[in-house]
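Visitor: Supplied in structure tokens, the structure appears directly below.
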Amino acid sequence: MLNVVIIEDEPIAAADLEKTLLKIADDVTVLAKLDSVATATDWLSKNEADVILSDIQLGDGLSFDIFRNLDLNTPIIITTAFDEYAIRAFKENSIDYLLKPITKGYRFILPK
């Protein structure tokens with residue numbers, strides 16, 4: 001079982017991402033859908049996941065603030081509509097960078 005956390009401040013986008021994950025992998029459990037830097041920082045300081053899928057621009061800041069403030073070894077896949085953060089994302093240990101909209105035909109590999 002792969003335990004996933006989604007960090008996304010748009011409820012429809014979070015629901016669509018969860019739906020896509022469940023379509024491509026039957027062994028995925030979404031542990032939490034978090035909608036802000038503050039909420040995600042709090043949740044991740046107390047809990048663990050196998051992978052994090054995160055938007056960059058959240059209502060209260062950039063998701064990079066979450067990862068900079070926590071000592072995480074969790075793989076991070078960025079899901080965003082902005083291509084200008086790609087280099088920074090990989091410098092901050094992201095393993096993939098998906099541009100929205102993530103279409104049904106898009107294939108990405110989840111870490112095992």
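The chains in the structure tokens are called A, B, ... from first to last as shown; in each chain the residues are counted from 1, and the ligands are counted from 1 in the order shown.
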Excluding Ile87 of chain A and its own-chain neighbours fewer than 5 positions away, which residues fall within 12 Å of it when counting only C-alpha atoms? Please give them as a JSON list (two decimals) with N, CA, C and O atoms, in the first residue's frame.
Guide:
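Done, and the output landed in part_29.json:
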```
[["chain", "number", "residue", "atom", "x", "y", "z"],
["A", 78, "ILE", "N", 5.71, 17.53, -7.54],
["A", 78, "ILE", "CA", 5.06, 18.84, -7.66],
["A", 78, "ILE", "C", 3.98, 18.76, -8.73],
["A", 78, "ILE", "O", 4.19, 18.23, -9.82],
["A", 82, "PHE", "N", 2.36, 26.24, -13.02],
["A", 82, "PHE", "CA", 3.45, 27.19, -13.27],
["A", 82, "PHE", "C", 4.75, 26.46, -13.59],
["A", 82, "PHE", "O", 5.26, 25.70, -12.78],
["A", 92, "GLU", "N", 15.10, 21.32, -4.60],
["A", 92, "GLU", "CA", 14.55, 21.06, -3.27],
["A", 92, "GLU", "C", 14.03, 19.63, -3.15],
["A", 92, "GLU", "O", 13.10, 19.36, -2.40],
["A", 93, "ASN", "N", 14.63, 18.73, -3.93],
["A", 93, "ASN", "CA", 14.41, 17.28, -3.82],
["A", 93, "ASN", "C", 13.09, 16.75, -4.35],
["A", 93, "ASN", "O", 12.65, 15.68, -3.93],
["A", 94, "SER", "N", 12.46, 17.45, -5.26],
["A", 94, "SER", "CA", 11.28, 16.88, -5.92],
["A", 94, "SER", "C", 11.75, 15.78, -6.87],
["A", 94, "SER", "O", 12.83, 15.87, -7.45],
["A", 95, "ILE", "N", 10.91, 14.76, -7.04],
["A", 95, "ILE", "CA", 11.27, 13.68, -7.95],
["A", 95, "ILE", "C", 10.53, 13.77, -9.29],
["A", 95, "ILE", "O", 10.88, 13.08, -10.23],
["A", 96, "ASP", "N", 9.50, 14.62, -9.35],
["A", 96, "ASP", "CA", 8.77, 14.81, -10.60],
["A", 96, "ASP", "C", 8.08, 16.17, -10.54],
["A", 96, "ASP", "O", 7.89, 16.74, -9.46],
["A", 97, "TYR", "N", 7.73, 16.69, -11.71],
["A", 97, "TYR", "CA", 7.11, 18.02, -11.83],
["A", 97, "TYR", "C", 6.03, 17.90, -12.88],
["A", 97, "TYR", "O", 6.31, 17.78, -14.07]]
```
Visitor: Neighbours of Thr29 of chain A within 7 Å (only C-alpha atoms; same-chain residues fewer than 2 positions away dropped), as an MDAnalysis selection string?
Guide: chainID A and resid 1:4 27 31
Visitor: Write a file of the just-selected residues containing N, CA, C and O atoms, as a PDB file, in the first residue's frame.
Guide:
```
ATOM      1  N   MET A   1       0.846  -1.181   0.000  1.00  0.00           N
ATOM      2  CA  MET A   1       0.000   0.000   0.000  1.00  0.00           C
ATOM      3  C   MET A   1       0.888   1.239   0.000  1.00  0.00           C
ATOM      4  O   MET A   1       1.828   1.338   0.776  1.00  0.00           O
ATOM      5  N   LEU A   2       0.573   2.174  -0.879  1.00  0.00           N
ATOM      6  CA  LEU A   2       1.304   3.436  -0.985  1.00  0.00           C
ATOM      7  C   LEU A   2       0.461   4.527  -0.343  1.00  0.00           C
ATOM      8  O   LEU A   2      -0.650   4.811  -0.788  1.00  0.00           O
ATOM      9  N   ASN A   3       0.987   5.138   0.704  1.00  0.00           N
ATOM     10  CA  ASN A   3       0.283   6.192   1.433  1.00  0.00           C
ATOM     11  C   ASN A   3       0.702   7.561   0.897  1.00  0.00           C
ATOM     12  O   ASN A   3       1.872   7.913   0.934  1.00  0.00           O
ATOM     13  N   VAL A   4      -0.299   8.304   0.414  1.00  0.00           N
ATOM     14  CA  VAL A   4      -0.065   9.566  -0.277  1.00  0.00           C
ATOM     15  C   VAL A   4      -0.711  10.719   0.483  1.00  0.00           C
ATOM     16  O   VAL A   4      -1.791  10.566   1.054  1.00  0.00           O
ATOM     17  N   ASP A  27      -3.402   0.311  -5.257  1.00  0.00           N
ATOM     18  CA  ASP A  27      -2.810   0.162  -3.934  1.00  0.00           C
ATOM     19  C   ASP A  27      -2.430   1.507  -3.308  1.00  0.00           C
ATOM     20  O   ASP A  27      -1.508   1.611  -2.522  1.00  0.00           O
ATOM     21  N   LEU A  31      -3.957   9.646   2.489  1.00  0.00           N
ATOM     22  CA  LEU A  31      -4.050   9.837   3.941  1.00  0.00           C
ATOM     23  C   LEU A  31      -4.669  11.172   4.307  1.00  0.00           C
ATOM     24  O   LEU A  31      -5.390  11.275   5.297  1.00  0.00           O
TER      25      LEU A  31
END
```
Visitor: For Lys19 of chain A, work out the shell of residues within 12 Å, counting only C-alpha atoms and skipping chain neighbours fewer than 4 positions away, then give it as a count of residues only.
Guide: 15
Visitor: Near segment 68-77 of chain A, within 7 Å and counting only C-alpha atoms, which residues show up once chain neighbours fewer than 2 positions away are dropped, as a PyMOL selection string?
Guide: chain A and resi 45+49-54+64-66+79+94-97
Visitor: Quick one: distance from atom CA of Arg88 of chain A to atom CA of Lys46 of chain A in Å, one decimal?
Guide: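 A separation of 25.9 Å between them.
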Visitor: Do a neighbour search on Ile7 of chain A at 7 Å with only C-alpha atoms, toss out local chain neighbours closer than 2 positions, and write the hits as number ranges by chain.
Guide: A: 5, 9, 33-35, 40, 53-55
Visitor: Using Å and a single decimal, report how far atom CA of Thr80 of chain A sits from atom CA of Asp42 of chain A.
Guide: 21.8 Å
Visitor: Among chain A, which residues carry a DSSP assignment of helix (DSSP H, G or I), reported as a count of residues only?
Guide: 39
Visitor: Please identify which residues in segment 66-96 of chain A DSSP calls strand (DSSP E) from the backbone, and express them as a list of chain:residue names.
Guide: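 Reading the DSSP output for segment 66-96 of chain A, strand (DSSP E) covers A:Ile76, A:Ile77, A:Ile78, A:Thr79, A:Thr80, A:Ser94, A:Ile95, A:Asp96.
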Visitor: Of the candidates A:Ala32, A:Ala81, A:Leu98, A:Leu62, which shows the shortest atom-to-atom distance to Asn47 of chain A, using only C-alpha atoms?
Guide: A:Ala32
Visitor: State, in Å with one decimal place, the distance from atom CA of Gly59 of chain A to atom CA of Glu18 of chain A.
Guide: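 For atom CA of Gly59 of chain A relative to atom CA of Glu18 of chain A, the distance reads 19.9 Å.
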Visitor: Which of these, A:Leu17, A:Ala86, A:Leu22, A:Leu44, has the shortest distance to Phe67 of chain A once you count only C-alpha atoms?
Guide: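 Among A:Leu17, A:Ala86, A:Leu22, A:Leu44, it is A:Leu44 that comes nearest to Phe67 of chain A.
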Visitor: Can you tell me which residues surround Val37 of chain A at a distance of at most 7 Å, considering only C-alpha atoms, apart from same-chain residues fewer than 3 positions away, and format the answer as a PyMOL selection string?
Guide: chain A and resi 40-41+58+60-61+63+66
Visitor: Go ahead and save the picked residues with all heavy atoms, as an mmCIF file, in the first residue's frame.
Guide:
```
data_model
loop_
_atom_site.group_PDB
_atom_site.id
_atom_site.type_symbol
_atom_site.label_atom_id
_atom_site.label_comp_id
_atom_site.auth_asym_id
_atom_site.auth_seq_id
_atom_site.Cartn_x
_atom_site.Cartn_y
_atom_site.Cartn_z
ATOM 1 N N ALA A 40 -0.326 21.844 6.257
ATOM 2 C CA ALA A 40 0.588 20.793 5.803
ATOM 3 C C ALA A 40 1.796 20.671 6.725
ATOM 4 O O ALA A 40 2.215 19.560 7.054
ATOM 5 C CB ALA A 40 1.032 21.067 4.372
ATOM 6 N N THR A 41 2.342 21.795 7.153
ATOM 7 C CA THR A 41 3.491 21.760 8.070
ATOM 8 C C THR A 41 3.100 21.065 9.367
ATOM 9 O O THR A 41 3.835 20.203 9.868
ATOM 10 C CB THR A 41 4.008 23.185 8.350
ATOM 11 O OG1 THR A 41 4.398 23.784 7.107
ATOM 12 C CG2 THR A 41 5.190 23.167 9.298
ATOM 13 N N LEU A 58 0.116 28.127 -2.681
ATOM 14 C CA LEU A 58 -0.997 27.891 -1.765
ATOM 15 C C LEU A 58 -1.470 29.240 -1.235
ATOM 16 O O LEU A 58 -0.763 30.244 -1.365
ATOM 17 C CB LEU A 58 -0.559 26.969 -0.632
ATOM 18 C CG LEU A 58 0.003 25.615 -1.086
ATOM 19 C CD1 LEU A 58 0.648 24.884 0.085
ATOM 20 C CD2 LEU A 58 -1.076 24.774 -1.730
ATOM 21 N N ASP A 60 -1.506 30.587 1.600
ATOM 22 C CA ASP A 60 -0.678 31.249 2.617
ATOM 23 C C ASP A 60 0.816 31.168 2.334
ATOM 24 O O ASP A 60 1.631 31.359 3.223
ATOM 25 C CB ASP A 60 -0.996 30.689 4.013
ATOM 26 C CG ASP A 60 -0.708 29.195 4.140
ATOM 27 O OD1 ASP A 60 -0.525 28.526 3.099
ATOM 28 O OD2 ASP A 60 -0.673 28.700 5.276
ATOM 29 N N GLY A 61 1.189 30.881 1.092
ATOM 30 C CA GLY A 61 2.608 30.852 0.746
ATOM 31 C C GLY A 61 2.929 29.774 -0.270
ATOM 32 O O GLY A 61 2.035 29.200 -0.895
ATOM 33 N N SER A 63 4.664 26.078 -1.262
ATOM 34 C CA SER A 63 4.885 24.778 -0.609
ATOM 35 C C SER A 63 6.356 24.560 -0.273
ATOM 36 O O SER A 63 6.669 23.775 0.617
ATOM 37 C CB SER A 63 4.369 23.639 -1.488
ATOM 38 O OG SER A 63 5.056 23.596 -2.714
ATOM 39 N N ILE A 66 7.043 24.654 3.340
ATOM 40 C CA ILE A 66 6.745 23.445 4.121
ATOM 41 C C ILE A 66 7.988 22.578 4.197
ATOM 42 O O ILE A 66 8.418 22.162 5.276
ATOM 43 C CB ILE A 66 5.610 22.623 3.459
ATOM 44 C CG1 ILE A 66 4.336 23.436 3.329
ATOM 45 C CG2 ILE A 66 5.378 21.312 4.222
ATOM 46 C CD1 ILE A 66 3.327 22.841 2.344
#
```
